[in-house]
$ cat target.pdb   # PDB, C-alpha atoms
ATOM      1  CA  MET A 225     -41.894 -46.288 -72.391
ATOM      2  CA  LYS A 226     -42.283 -44.037 -75.412
ATOM      3  CA  SER A 227     -42.694 -46.074 -78.597
ATOM      4  CA  LEU A 228     -40.275 -45.795 -81.481
ATOM      5  CA  PRO A 229     -41.201 -43.991 -84.697
ATOM      6  CA  SER A 230     -42.544 -45.920 -87.672
ATOM      7  CA  ALA A 231     -40.277 -48.035 -89.872
ATOM      8  CA  SER A 232     -40.308 -45.406 -92.614
ATOM      9  CA  GLU A 233     -39.368 -42.682 -90.134
ATOM     10  CA  LEU A 234     -36.507 -44.742 -88.709
ATOM     11  CA  GLN A 235     -35.148 -45.448 -92.191
ATOM     12  CA  ALA A 236     -35.427 -41.760 -93.082
ATOM     13  CA  LEU A 237     -33.515 -40.873 -89.914
ATOM     14  CA  VAL A 238     -30.742 -43.325 -90.779
ATOM     15  CA  ASP A 239     -30.560 -42.088 -94.375
ATOM     16  CA  ASN A 240     -30.495 -38.409 -93.420
ATOM     17  CA  THR A 241     -27.941 -38.894 -90.628
ATOM     18  CA  TYR A 242     -25.675 -40.894 -92.889
ATOM     19  CA  GLN A 243     -25.876 -38.271 -95.645
ATOM     20  CA  GLN A 244     -25.099 -35.495 -93.181
ATOM     21  CA  PHE A 245     -22.047 -37.063 -91.540
ATOM     22  CA  HIS A 246     -20.598 -39.848 -93.727
ATOM     23  CA  ALA A 247     -17.975 -37.519 -95.214
ATOM     24  CA  LEU A 248     -17.254 -35.491 -92.081
ATOM     25  CA  PRO A 249     -13.581 -34.432 -92.100
ATOM     26  CA  GLY A 250     -11.140 -35.119 -89.280
ATOM     27  CA  GLY A 251      -9.353 -38.033 -87.700
ATOM     28  CA  GLU A 252      -6.918 -40.588 -89.078
ATOM     29  CA  ASN A 253      -6.863 -44.348 -89.520
ATOM     30  CA  ALA A 254      -5.034 -46.311 -86.849
ATOM     31  CA  SER A 255      -1.481 -46.656 -88.147
ATOM     32  CA  TYR A 256       0.253 -48.817 -85.510
ATOM     33  CA  ILE A 257      -1.374 -51.922 -87.034
ATOM     34  CA  PRO A 258      -0.355 -52.026 -90.727
ATOM     35  CA  TYR A 259      -3.622 -53.565 -91.940
ATOM     36  CA  LEU A 260      -5.762 -50.825 -90.385
ATOM     37  CA  ALA A 261      -3.734 -48.092 -92.019
ATOM     38  CA  SER A 262      -4.581 -49.556 -95.434
ATOM     39  CA  VAL A 263      -8.399 -49.504 -95.051
ATOM     40  CA  PRO A 264     -10.026 -46.826 -97.287
ATOM     41  CA  SER A 265     -10.763 -43.862 -95.049
ATOM     42  CA  ASP A 266     -13.844 -42.766 -96.998
ATOM     43  CA  LEU A 267     -15.889 -45.808 -95.941
ATOM     44  CA  ALA A 268     -18.873 -45.185 -93.654
ATOM     45  CA  ALA A 269     -22.041 -46.946 -92.518
ATOM     46  CA  LEU A 270     -24.884 -46.526 -90.041
ATOM     47  CA  VAL A 271     -27.286 -49.260 -88.854
ATOM     48  CA  ILE A 272     -30.139 -49.469 -86.343
ATOM     49  CA  VAL A 273     -31.461 -52.846 -85.166
ATOM     50  CA  THR A 274     -34.485 -52.737 -82.886
ATOM     51  CA  ALA A 275     -35.111 -55.058 -79.961
ATOM     52  CA  THR A 276     -37.707 -56.779 -82.147
ATOM     53  CA  GLY A 277     -35.181 -57.427 -84.937
ATOM     54  CA  ASP A 278     -36.071 -54.746 -87.501
ATOM     55  CA  ILE A 279     -33.041 -53.444 -89.411
ATOM     56  CA  PHE A 280     -32.494 -49.965 -90.867
ATOM     57  CA  GLN A 281     -29.216 -49.177 -92.600
ATOM     58  CA  ALA A 282     -27.309 -46.844 -94.898
ATOM     59  CA  GLY A 283     -23.832 -46.689 -96.409
ATOM     60  CA  ASP A 284     -21.151 -49.372 -96.608
ATOM     61  CA  CYS A 285     -23.088 -51.882 -94.482
ATOM     62  CA  GLU A 286     -21.697 -54.953 -96.267
ATOM     63  CA  TYR A 287     -18.039 -53.971 -95.871
ATOM     64  CA  SER A 288     -16.165 -56.296 -93.510
ATOM     65  CA  PHE A 289     -13.656 -54.692 -91.141
ATOM     66  CA  ALA A 290     -11.657 -55.648 -88.053
ATOM     67  CA  ILE A 291     -13.737 -55.939 -84.885
ATOM     68  CA  GLU A 292     -10.747 -54.928 -82.718
ATOM     69  CA  SER A 293     -11.700 -53.844 -79.186
ATOM     70  CA  ILE A 294     -15.432 -54.325 -79.677
ATOM     71  CA  SER A 295     -14.551 -58.007 -79.322
ATOM     72  CA  LYS A 296     -14.072 -57.256 -75.625
ATOM     73  CA  VAL A 297     -17.846 -56.967 -75.239
ATOM     74  CA  ALA A 298     -18.461 -60.502 -76.508
ATOM     75  CA  THR A 299     -15.656 -61.953 -74.371
ATOM     76  CA  LEU A 300     -16.914 -60.104 -71.301
ATOM     77  CA  ALA A 301     -20.427 -61.466 -71.910
ATOM     78  CA  LEU A 302     -18.971 -64.974 -72.075
ATOM     79  CA  LEU A 303     -16.867 -64.449 -68.958
ATOM     80  CA  MET A 304     -19.840 -63.204 -66.963
ATOM     81  CA  GLU A 305     -21.655 -66.392 -67.943
ATOM     82  CA  ASP A 306     -18.641 -68.423 -66.771
ATOM     83  CA  VAL A 307     -17.838 -66.786 -63.420
ATOM     84  CA  GLY A 308     -20.513 -64.137 -62.761
ATOM     85  CA  PRO A 309     -20.314 -60.337 -62.669
ATOM     86  CA  GLU A 310     -19.070 -60.104 -59.073
ATOM     87  CA  THR A 311     -16.048 -62.284 -59.786
ATOM     88  CA  VAL A 312     -15.305 -60.143 -62.839
ATOM     89  CA  ARG A 313     -15.450 -57.014 -60.689
ATOM     90  CA  GLU A 314     -13.302 -58.573 -57.958
ATOM     91  CA  LYS A 315     -10.577 -60.001 -60.178
ATOM     92  CA  ILE A 316     -10.523 -57.459 -63.037
ATOM     93  CA  GLY A 317     -12.484 -54.361 -62.018
ATOM     94  CA  ALA A 318     -15.270 -51.965 -62.946
ATOM     95  CA  GLU A 319     -13.556 -48.577 -62.912
ATOM     96  CA  PRO A 320     -12.325 -46.258 -65.662
ATOM     97  CA  THR A 321      -8.555 -45.961 -65.900
ATOM     98  CA  GLY A 322      -8.602 -42.372 -67.118
ATOM     99  CA  LEU A 323      -5.702 -43.263 -69.413
ATOM    100  CA  PRO A 324      -5.330 -44.685 -72.959
ATOM    101  CA  PHE A 325      -6.567 -48.230 -73.596
ATOM    102  CA  ASN A 326      -3.026 -49.671 -73.814
ATOM    103  CA  SER A 327      -1.560 -47.743 -70.892
ATOM    104  CA  VAL A 328       1.158 -49.390 -68.802
ATOM    105  CA  LEU A 329       1.034 -46.466 -66.379
ATOM    106  CA  ALA A 330      -2.580 -47.333 -65.528
ATOM    107  CA  LEU A 331      -1.400 -50.773 -64.422
ATOM    108  CA  CYS A 332       1.572 -49.466 -62.459
ATOM    109  CA  GLU A 333      -0.579 -47.001 -60.545
ATOM    110  CA  HIS A 334      -2.959 -49.748 -59.375
ATOM    111  CA  GLN A 335      -0.612 -52.597 -58.370
ATOM    112  CA  ASP A 336      -0.917 -54.154 -61.852
ATOM    113  CA  LYS A 337      -4.693 -54.673 -61.565
ATOM    114  CA  PRO A 338      -6.424 -53.795 -64.871
ATOM    115  CA  LEU A 339      -9.450 -51.912 -63.355
ATOM    116  CA  SER A 340     -11.600 -52.575 -66.452
ATOM    117  CA  PRO A 341     -12.161 -55.564 -68.761
ATOM    118  CA  LEU A 342     -12.532 -53.113 -71.644
ATOM    119  CA  VAL A 343      -8.928 -51.912 -71.764
ATOM    120  CA  ASN A 344      -6.205 -54.148 -73.198
ATOM    121  CA  ALA A 345      -4.866 -55.306 -69.832
ATOM    122  CA  GLY A 346      -8.328 -56.195 -68.556
ATOM    123  CA  ALA A 347      -9.262 -57.851 -71.832
ATOM    124  CA  MET A 348      -6.260 -60.171 -71.648
ATOM    125  CA  ALA A 349      -7.094 -60.933 -68.012
ATOM    126  CA  SER A 350     -10.665 -61.713 -69.153
ATOM    127  CA  VAL A 351      -9.402 -64.114 -71.811
ATOM    128  CA  SER A 352      -7.191 -65.827 -69.223
ATOM    129  CA  LEU A 353     -10.097 -66.264 -66.780
ATOM    130  CA  LEU A 354     -12.389 -68.058 -69.237
ATOM    131  CA  LYS A 355     -13.032 -71.737 -68.592
ATOM    132  CA  ALA A 356     -10.818 -73.612 -71.072
ATOM    133  CA  ASP A 357      -8.325 -76.472 -71.057
ATOM    134  CA  SER A 358      -6.297 -75.337 -74.063
ATOM    135  CA  PRO A 359      -5.576 -72.227 -76.147
ATOM    136  CA  GLU A 360      -7.718 -73.595 -78.969
ATOM    137  CA  GLU A 361     -10.702 -74.212 -76.702
ATOM    138  CA  ARG A 362     -10.311 -70.697 -75.287
ATOM    139  CA  TRP A 363     -10.293 -69.243 -78.799
ATOM    140  CA  GLN A 364     -13.176 -71.352 -80.122
ATOM    141  CA  ARG A 365     -15.402 -70.365 -77.207
ATOM    142  CA  ILE A 366     -14.719 -66.687 -77.902
ATOM    143  CA  LEU A 367     -15.359 -67.059 -81.634
ATOM    144  CA  ASP A 368     -18.591 -68.941 -80.928
ATOM    145  CA  MET A 369     -19.835 -66.128 -78.680
ATOM    146  CA  GLN A 370     -18.913 -63.504 -81.275
ATOM    147  CA  ARG A 371     -21.002 -65.400 -83.808
ATOM    148  CA  ARG A 372     -23.967 -65.976 -81.485
ATOM    149  CA  ILE A 373     -24.181 -62.354 -80.370
ATOM    150  CA  THR A 374     -24.089 -61.026 -83.967
ATOM    151  CA  THR A 375     -25.343 -62.538 -87.234
ATOM    152  CA  GLY A 376     -23.427 -65.804 -86.974
ATOM    153  CA  LYS A 377     -21.114 -65.176 -89.913
ATOM    154  CA  LEU A 378     -17.894 -63.929 -88.318
ATOM    155  CA  THR A 379     -14.580 -65.397 -89.436
ATOM    156  CA  LEU A 380     -10.966 -64.879 -88.458
ATOM    157  CA  SER A 381      -8.961 -62.768 -90.896
ATOM    158  CA  GLU A 382      -5.544 -64.389 -91.224
ATOM    159  CA  GLU A 383      -4.229 -61.165 -92.749
ATOM    160  CA  ILE A 384      -5.345 -59.020 -89.824
ATOM    161  CA  ASN A 385      -4.236 -61.606 -87.281
ATOM    162  CA  GLN A 386      -0.778 -61.860 -88.821
ATOM    163  CA  SER A 387      -0.502 -58.070 -88.928
ATOM    164  CA  GLU A 388      -1.411 -57.834 -85.252
ATOM    165  CA  GLN A 389       0.486 -60.866 -83.934
ATOM    166  CA  THR A 390       3.722 -59.498 -85.399
ATOM    167  CA  THR A 391       3.235 -56.049 -83.830
ATOM    168  CA  ASN A 392       1.741 -56.866 -80.397
ATOM    169  CA  PHE A 393       4.939 -56.512 -78.345
ATOM    170  CA  HIS A 394       3.397 -53.829 -76.123
ATOM    171  CA  ASN A 395       0.502 -56.127 -75.222
ATOM    172  CA  ARG A 396       2.935 -58.946 -74.500
ATOM    173  CA  GLY A 397       4.658 -56.701 -71.976
ATOM    174  CA  ILE A 398       1.305 -55.885 -70.347
ATOM    175  CA  ALA A 399       0.488 -59.605 -70.157
ATOM    176  CA  TRP A 400       3.726 -60.325 -68.280
ATOM    177  CA  LEU A 401       3.004 -57.502 -65.819
ATOM    178  CA  LEU A 402      -0.418 -59.000 -65.166
ATOM    179  CA  TYR A 403       1.079 -62.450 -64.668
ATOM    180  CA  ALA A 404       3.752 -61.177 -62.281
ATOM    181  CA  ALA A 405       1.053 -59.635 -60.089
ATOM    182  CA  GLY A 406      -1.206 -62.696 -60.142
ATOM    183  CA  ASN A 407      -3.775 -61.026 -62.382
ATOM    184  CA  CYS A 408      -3.364 -63.291 -65.421
ATOM    185  CA  PHE A 409      -4.961 -66.693 -64.904
ATOM    186  CA  CYS A 410      -3.329 -68.749 -67.664
ATOM    187  CA  ASP A 411      -0.006 -68.580 -69.497
ATOM    188  CA  PRO A 412       0.426 -64.858 -70.295
ATOM    189  CA  MET A 413       1.539 -65.433 -73.881
ATOM    190  CA  GLU A 414      -1.486 -67.677 -74.430
ATOM    191  CA  ALA A 415      -3.743 -64.911 -73.123
ATOM    192  CA  CYS A 416      -2.077 -62.343 -75.379
ATOM    193  CA  GLU A 417      -2.155 -64.584 -78.454
ATOM    194  CA  VAL A 418      -5.829 -65.511 -78.066
ATOM    195  CA  TYR A 419      -6.754 -61.905 -77.270
ATOM    196  CA  THR A 420      -5.025 -60.812 -80.473
ATOM    197  CA  ARG A 421      -7.009 -63.389 -82.420
ATOM    198  CA  GLN A 422     -10.308 -62.220 -80.944
ATOM    199  CA  CYS A 423      -9.543 -58.712 -82.211
ATOM    200  CA  SER A 424      -8.841 -60.023 -85.725
ATOM    201  CA  THR A 425     -12.279 -61.265 -86.763
ATOM    202  CA  LEU A 426     -14.187 -59.558 -89.557
ATOM    203  CA  VAL A 427     -17.517 -57.865 -88.877
ATOM    204  CA  THR A 428     -19.935 -55.618 -90.703
ATOM    205  CA  CYS A 429     -21.716 -52.612 -89.266
ATOM    206  CA  ARG A 430     -24.869 -54.743 -89.246
ATOM    207  CA  ASP A 431     -23.100 -57.316 -87.060
ATOM    208  CA  LEU A 432     -22.296 -54.646 -84.499
ATOM    209  CA  ALA A 433     -25.850 -53.300 -84.524
ATOM    210  CA  VAL A 434     -27.169 -56.818 -83.856
ATOM    211  CA  MET A 435     -24.709 -57.130 -80.950
ATOM    212  CA  ALA A 436     -25.974 -53.855 -79.515
ATOM    213  CA  ALA A 437     -29.600 -54.887 -80.062
ATOM    214  CA  THR A 438     -28.940 -58.190 -78.275
ATOM    215  CA  LEU A 439     -27.834 -56.241 -75.210
ATOM    216  CA  ALA A 440     -30.826 -53.921 -75.591
ATOM    217  CA  ASN A 441     -33.022 -57.033 -75.664
ATOM    218  CA  LEU A 442     -31.751 -58.448 -72.335
ATOM    219  CA  GLY A 443     -29.330 -60.881 -73.934
ATOM    220  CA  GLU A 444     -31.669 -62.360 -76.543
ATOM    221  CA  ASN A 445     -30.448 -61.943 -80.109
ATOM    222  CA  PRO A 446     -33.479 -60.341 -81.825
ATOM    223  CA  VAL A 447     -32.460 -61.679 -85.235
ATOM    224  CA  SER A 448     -31.714 -65.318 -84.350
ATOM    225  CA  GLY A 449     -34.018 -65.516 -81.321
ATOM    226  CA  GLU A 450     -31.278 -67.165 -79.224
ATOM    227  CA  GLN A 451     -30.733 -66.187 -75.593
ATOM    228  CA  VAL A 452     -26.966 -65.750 -75.787
ATOM    229  CA  MET A 453     -26.418 -64.479 -72.248
ATOM    230  CA  SER A 454     -28.369 -64.298 -69.005
ATOM    231  CA  ALA A 455     -30.645 -61.277 -68.693
ATOM    232  CA  GLU A 456     -29.248 -60.532 -65.214
ATOM    233  CA  ASN A 457     -25.731 -60.173 -66.639
ATOM    234  CA  VAL A 458     -26.670 -57.467 -69.129
ATOM    235  CA  ALA A 459     -26.861 -54.576 -66.640
ATOM    236  CA  PRO A 460     -23.337 -55.086 -65.214
ATOM    237  CA  LEU A 461     -21.965 -55.469 -68.738
ATOM    238  CA  LEU A 462     -23.594 -52.168 -69.771
ATOM    239  CA  ALA A 463     -22.146 -50.573 -66.639
ATOM    240  CA  GLU A 464     -18.655 -51.653 -67.721
ATOM    241  CA  MET A 465     -19.317 -50.168 -71.169
ATOM    242  CA  THR A 466     -20.415 -46.888 -69.600
ATOM    243  CA  MET A 467     -17.224 -46.684 -67.551
ATOM    244  CA  GLU A 468     -14.687 -47.493 -70.271
ATOM    245  CA  GLY A 469     -16.418 -48.241 -73.583
ATOM    246  CA  LEU A 470     -14.931 -45.267 -75.399
ATOM    247  CA  TYR A 471     -11.655 -45.321 -73.452
ATOM    248  CA  ASP A 472     -10.633 -41.974 -71.966
ATOM    249  CA  TYR A 473     -13.563 -40.261 -73.735
ATOM    250  CA  SER A 474     -16.141 -42.456 -71.981
ATOM    251  CA  GLY A 475     -17.220 -39.818 -69.474
ATOM    252  CA  ASP A 476     -17.765 -37.217 -72.172
ATOM    253  CA  TRP A 477     -19.717 -39.759 -74.248
ATOM    254  CA  ALA A 478     -22.006 -40.471 -71.279
ATOM    255  CA  PHE A 479     -22.422 -36.738 -70.709
ATOM    256  CA  GLU A 480     -23.195 -35.934 -74.347
ATOM    257  CA  VAL A 481     -24.988 -39.055 -75.640
ATOM    258  CA  GLY A 482     -26.101 -40.931 -72.539
ATOM    259  CA  LEU A 483     -25.860 -44.482 -73.908
ATOM    260  CA  PRO A 484     -23.493 -47.359 -73.057
ATOM    261  CA  GLY A 485     -21.128 -47.748 -76.001
ATOM    262  CA  LYS A 486     -18.057 -49.532 -77.276
ATOM    263  CA  SER A 487     -15.559 -48.511 -79.913
ATOM    264  CA  GLY A 488     -12.795 -50.274 -81.788
ATOM    265  CA  VAL A 489      -9.758 -48.900 -83.611
ATOM    266  CA  GLY A 490     -10.985 -50.642 -86.775
ATOM    267  CA  GLY A 491     -13.535 -47.804 -87.013
ATOM    268  CA  GLY A 492     -16.541 -49.570 -85.500
ATOM    269  CA  LEU A 493     -18.709 -48.092 -82.765
ATOM    270  CA  LEU A 494     -21.913 -49.346 -81.138
ATOM    271  CA  ALA A 495     -24.363 -47.983 -78.580
ATOM    272  CA  VAL A 496     -27.166 -49.629 -76.617
ATOM    273  CA  ALA A 497     -30.567 -48.122 -75.837
ATOM    274  CA  PRO A 498     -31.873 -50.648 -73.270
ATOM    275  CA  GLY A 499     -35.236 -52.127 -74.150
ATOM    276  CA  LYS A 500     -35.365 -50.300 -77.465
ATOM    277  CA  LEU A 501     -32.581 -50.776 -79.979
ATOM    278  CA  GLY A 502     -28.911 -50.964 -80.854
ATOM    279  CA  ILE A 503     -27.062 -48.486 -83.058
ATOM    280  CA  ALA A 504     -23.793 -49.116 -84.857
ATOM    281  CA  ALA A 505     -21.626 -46.969 -87.070
ATOM    282  CA  PHE A 506     -18.439 -47.561 -88.995
ATOM    283  CA  SER A 507     -15.811 -45.263 -90.440
ATOM    284  CA  PRO A 508     -12.027 -45.738 -90.082
ATOM    285  CA  PRO A 509     -10.714 -42.231 -89.199
ATOM    286  CA  LEU A 510     -10.257 -42.031 -85.421
ATOM    287  CA  ASP A 511      -9.887 -39.224 -82.902
ATOM    288  CA  GLU A 512      -7.021 -39.066 -80.399
ATOM    289  CA  SER A 513      -8.803 -41.466 -78.029
ATOM    290  CA  GLY A 514      -9.223 -44.134 -80.719
ATOM    291  CA  ASN A 515     -12.917 -43.574 -81.483
ATOM    292  CA  SER A 516     -14.442 -43.161 -84.955
ATOM    293  CA  VAL A 517     -14.968 -39.461 -85.666
ATOM    294  CA  ARG A 518     -17.915 -39.953 -88.030
ATOM    295  CA  GLY A 519     -19.288 -42.847 -86.035
ATOM    296  CA  GLN A 520     -19.607 -40.727 -82.926
ATOM    297  CA  ARG A 521     -21.452 -37.964 -84.767
ATOM    298  CA  MET A 522     -23.852 -40.355 -86.491
ATOM    299  CA  ILE A 523     -24.764 -42.247 -83.329
ATOM    300  CA  ALA A 524     -25.077 -39.046 -81.298
ATOM    301  CA  GLU A 525     -27.464 -37.624 -83.892
ATOM    302  CA  VAL A 526     -29.672 -40.744 -83.847
ATOM    303  CA  ALA A 527     -29.701 -40.827 -80.045
ATOM    304  CA  LYS A 528     -30.704 -37.175 -79.880
ATOM    305  CA  ALA A 529     -33.417 -37.495 -82.532
ATOM    306  CA  LEU A 530     -34.976 -40.478 -80.743
ATOM    307  CA  ASN A 531     -34.473 -39.036 -77.238
ATOM    308  CA  LEU A 532     -32.575 -42.175 -76.154
ATOM    309  CA  ASN A 533     -30.354 -40.659 -73.444
ATOM    310  CA  ILE A 534     -30.908 -43.011 -70.496
ATOM    311  CA  TYR A 535     -30.245 -40.221 -67.976
ATOM    312  CA  ARG A 536     -33.164 -38.068 -69.135
TER     313      ARG A 536
END

$ encode --input "target.pdb" --output "structure tokens"
Amino acid sequence: MKSLPSASELQALVDNTYQQFHALPGGENASYIPYLASVPSDLAALVIVTATGDIFQAGDCEYSFAIESISKVATLALLMEDVGPETVREKIGAEPTGLPFNSVLALCEHQDKPLSPLVNAGAMASVSLLKADSPEERWQRILDMQRRITTGKLTLSEEINQSEQTTNFHNRGIAWLLYAAGNCFCDPMEACEVYTRQCSTLVTCRDLAVMAATLANLGENPVSGEQVMSAENVAPLLAEMTMEGLYDYSGDWAFEVGLPGKSGVGGGLLAVAPGKLGIAAFSPPLDESGNSVRGQRMIAEVAKALNLNIYR
């Protein structure tokens, strides 16, 4: 395996990439969740965390923003620990939907089976399948995993949660469709409510880079040293990210960048270079698929400069 450049070279790469793309025009903040529409659109950050725990960063790295759909990665890691990857594939799926992340049509076309744990339907099914005896236990287990797989400092934003809980009618409808088809494994409104909470925690770009580095490091958090998930579960999780991590742009992302990734409509984006490092970027303006415009360019530039494409 080719070694990484020196620390000074990695920091220079992060600095130069950030300077080149942090003000890239294009895209708009997510507007269907009131809180997200209010986040300053000029914010941007880029962070690399290596599999040995070294951190290189530039931009608004201390700014806390909504984790949104990147929370699905942490919940999926927890679920694979609970039931194993094969049960996840059997009950939820491992295929791209080819449609937007909140698509009802994708459910209807596949007998109300989600196909992927990384779209909203599959994420709610994942929440419902976790081992828990109450909504609070379900939520606390998810929050604990989010903390263990990042820097340990994540908290729930009551403001974001309230904004999302009062506008999540579409997801409630999806949850009932899942339940009617036997693909929701607890009360559907419990699954939807807890899923909405998991999307409402606050993270920094550094948190996301640590999450990506943990997956790059076979499930061991390189900052805390804790083994947060089994090494054998990392490969199937990365496969799920490859299939649907950037929603209906996932295939193009694999073609162009060649790294498993996951985006969130809060403006966060992470990518995993197995055995080497994690990269995360943050900037609120999104493209039509719901992926950060600047984040994609910054991560793609780093991946190209370091020759990280796993298909080469």

$ resolve_selection --input "target.pdb" --expression "the PyMOL selection byres ((chain A and resi 312-321) around 7)" --output "ChimeraX atom specification"
/A:304,308-311,322-323,330,337-341,346,349,464,467-468

$ resolve_selection --input "target.pdb" --expression "the PyMOL selection byres ((chain A and resi 274-284) around 10)" --output "PDB file with C-alpha atoms, in the coordinates of the input"
ATOM      1  CA  LEU A 228     -40.275 -45.795 -81.481  1.00  0.00           C
ATOM      2  CA  ALA A 231     -40.277 -48.035 -89.872  1.00  0.00           C
ATOM      3  CA  SER A 232     -40.308 -45.406 -92.614  1.00  0.00           C
ATOM      4  CA  LEU A 234     -36.507 -44.742 -88.709  1.00  0.00           C
ATOM      5  CA  GLN A 235     -35.148 -45.448 -92.191  1.00  0.00           C
ATOM      6  CA  ALA A 236     -35.427 -41.760 -93.082  1.00  0.00           C
ATOM      7  CA  LEU A 237     -33.515 -40.873 -89.914  1.00  0.00           C
ATOM      8  CA  VAL A 238     -30.742 -43.325 -90.779  1.00  0.00           C
ATOM      9  CA  ASP A 239     -30.560 -42.088 -94.375  1.00  0.00           C
ATOM     10  CA  ASN A 240     -30.495 -38.409 -93.420  1.00  0.00           C
ATOM     11  CA  THR A 241     -27.941 -38.894 -90.628  1.00  0.00           C
ATOM     12  CA  TYR A 242     -25.675 -40.894 -92.889  1.00  0.00           C
ATOM     13  CA  GLN A 243     -25.876 -38.271 -95.645  1.00  0.00           C
ATOM     14  CA  HIS A 246     -20.598 -39.848 -93.727  1.00  0.00           C
ATOM     15  CA  ASP A 266     -13.844 -42.766 -96.998  1.00  0.00           C
ATOM     16  CA  LEU A 267     -15.889 -45.808 -95.941  1.00  0.00           C
ATOM     17  CA  ALA A 268     -18.873 -45.185 -93.654  1.00  0.00           C
ATOM     18  CA  ALA A 269     -22.041 -46.946 -92.518  1.00  0.00           C
ATOM     19  CA  LEU A 270     -24.884 -46.526 -90.041  1.00  0.00           C
ATOM     20  CA  VAL A 271     -27.286 -49.260 -88.854  1.00  0.00           C
ATOM     21  CA  ILE A 272     -30.139 -49.469 -86.343  1.00  0.00           C
ATOM     22  CA  VAL A 273     -31.461 -52.846 -85.166  1.00  0.00           C
ATOM     23  CA  CYS A 285     -23.088 -51.882 -94.482  1.00  0.00           C
ATOM     24  CA  GLU A 286     -21.697 -54.953 -96.267  1.00  0.00           C
ATOM     25  CA  TYR A 287     -18.039 -53.971 -95.871  1.00  0.00           C
ATOM     26  CA  SER A 288     -16.165 -56.296 -93.510  1.00  0.00           C
ATOM     27  CA  THR A 428     -19.935 -55.618 -90.703  1.00  0.00           C
ATOM     28  CA  CYS A 429     -21.716 -52.612 -89.266  1.00  0.00           C
ATOM     29  CA  ARG A 430     -24.869 -54.743 -89.246  1.00  0.00           C
ATOM     30  CA  ALA A 433     -25.850 -53.300 -84.524  1.00  0.00           C
ATOM     31  CA  VAL A 434     -27.169 -56.818 -83.856  1.00  0.00           C
ATOM     32  CA  ALA A 436     -25.974 -53.855 -79.515  1.00  0.00           C
ATOM     33  CA  ALA A 437     -29.600 -54.887 -80.062  1.00  0.00           C
ATOM     34  CA  THR A 438     -28.940 -58.190 -78.275  1.00  0.00           C
ATOM     35  CA  LEU A 439     -27.834 -56.241 -75.210  1.00  0.00           C
ATOM     36  CA  ALA A 440     -30.826 -53.921 -75.591  1.00  0.00           C
ATOM     37  CA  ASN A 441     -33.022 -57.033 -75.664  1.00  0.00           C
ATOM     38  CA  LEU A 442     -31.751 -58.448 -72.335  1.00  0.00           C
ATOM     39  CA  GLU A 444     -31.669 -62.360 -76.543  1.00  0.00           C
ATOM     40  CA  ASN A 445     -30.448 -61.943 -80.109  1.00  0.00           C
ATOM     41  CA  PRO A 446     -33.479 -60.341 -81.825  1.00  0.00           C
ATOM     42  CA  VAL A 447     -32.460 -61.679 -85.235  1.00  0.00           C
ATOM     43  CA  SER A 448     -31.714 -65.318 -84.350  1.00  0.00           C
ATOM     44  CA  GLY A 449     -34.018 -65.516 -81.321  1.00  0.00           C
ATOM     45  CA  ALA A 497     -30.567 -48.122 -75.837  1.00  0.00           C
ATOM     46  CA  PRO A 498     -31.873 -50.648 -73.270  1.00  0.00           C
ATOM     47  CA  GLY A 499     -35.236 -52.127 -74.150  1.00  0.00           C
ATOM     48  CA  LYS A 500     -35.365 -50.300 -77.465  1.00  0.00           C
ATOM     49  CA  LEU A 501     -32.581 -50.776 -79.979  1.00  0.00           C
ATOM     50  CA  GLY A 502     -28.911 -50.964 -80.854  1.00  0.00           C
ATOM     51  CA  ILE A 503     -27.062 -48.486 -83.058  1.00  0.00           C
ATOM     52  CA  ALA A 504     -23.793 -49.116 -84.857  1.00  0.00           C
ATOM     53  CA  ALA A 505     -21.626 -46.969 -87.070  1.00  0.00           C
ATOM     54  CA  PHE A 506     -18.439 -47.561 -88.995  1.00  0.00           C
ATOM     55  CA  SER A 507     -15.811 -45.263 -90.440  1.00  0.00           C
TER      56      SER A 507
END

$ atom_distance --input "target.pdb" --atom1 "atom CA of A:Leu402" --atom2 "atom CA of A:Tyr259"
27.5 Å

$ resolve_selection --input "target.pdb" --expression "the PyMOL selection byres ((chain A and resi 424) around 7)" --output "PyMOL selection string"
chain A and resi 290-292+380-381+384-385+420-423+425-426

$ closest_residue --input "target.pdb" --among "A:Asn253, A:Ser454, A:Ser230, A:Ser387" --to "A:Asp511" --atoms "only C-alpha atoms"
A:Asn253

$ atom_distance --input "target.pdb" --atom1 "atom CA of A:Arg521" --atom2 "atom CA of A:Trp477"
10.8 Å

$ atom_distance --input "target.pdb" --atom1 "atom CA of A:Lys486" --atom2 "atom CA of A:Pro229"
24.9 Å

$ closest_residue --input "target.pdb" --among "A:Pro264, A:Gly443, A:Pro484, A:Pro508" --to "A:Leu470" --atoms "only C-alpha atoms"
A:Pro484

$ closest_residue --input "target.pdb" --among "A:Ser358, A:Asn533, A:Ser265, A:Ser350" --to "A:Cys416" --atoms "only C-alpha atoms"
A:Ser350

$ residues_around --input "target.pdb" --residues "A:Tyr403" --least-positions-apart "5" --cutoff "10 Å" --atoms "only C-alpha atoms" --output "PyMOL selection string"
chain A and resi 336+349+397-398+408-413

$ closest_residue --input "target.pdb" --among "A:Asn531, A:Ser327, A:Ser487, A:Ser255" --to "A:Thr466" --atoms "all atoms listed in the file"
A:Ser487

$ axis_aligned_box --input "target.pdb" --around "stretch 476-490 of chain A" --padding-each-side "5 Å" --output "AutoDock Vina command-line options"
--center_x -17.9 --center_y -43.3 --center_z -78.7 --size_x 26.3 --size_y 24.7 --size_z 26.1

$ closest_residue --input "target.pdb" --among "A:Ser227, A:Gln364, A:Phe479, A:Ile257" --to "A:Thr390" --atoms "all atoms listed in the file"
A:Ile257

$ residues_near_point --input "target.pdb" --point "(-19.1, -37.4, -87.8)" --cutoff "7 Å" --atoms "all atoms listed in the file" --output "MDAnalysis selection string"
chainID A and resid 245:246 248 517:522
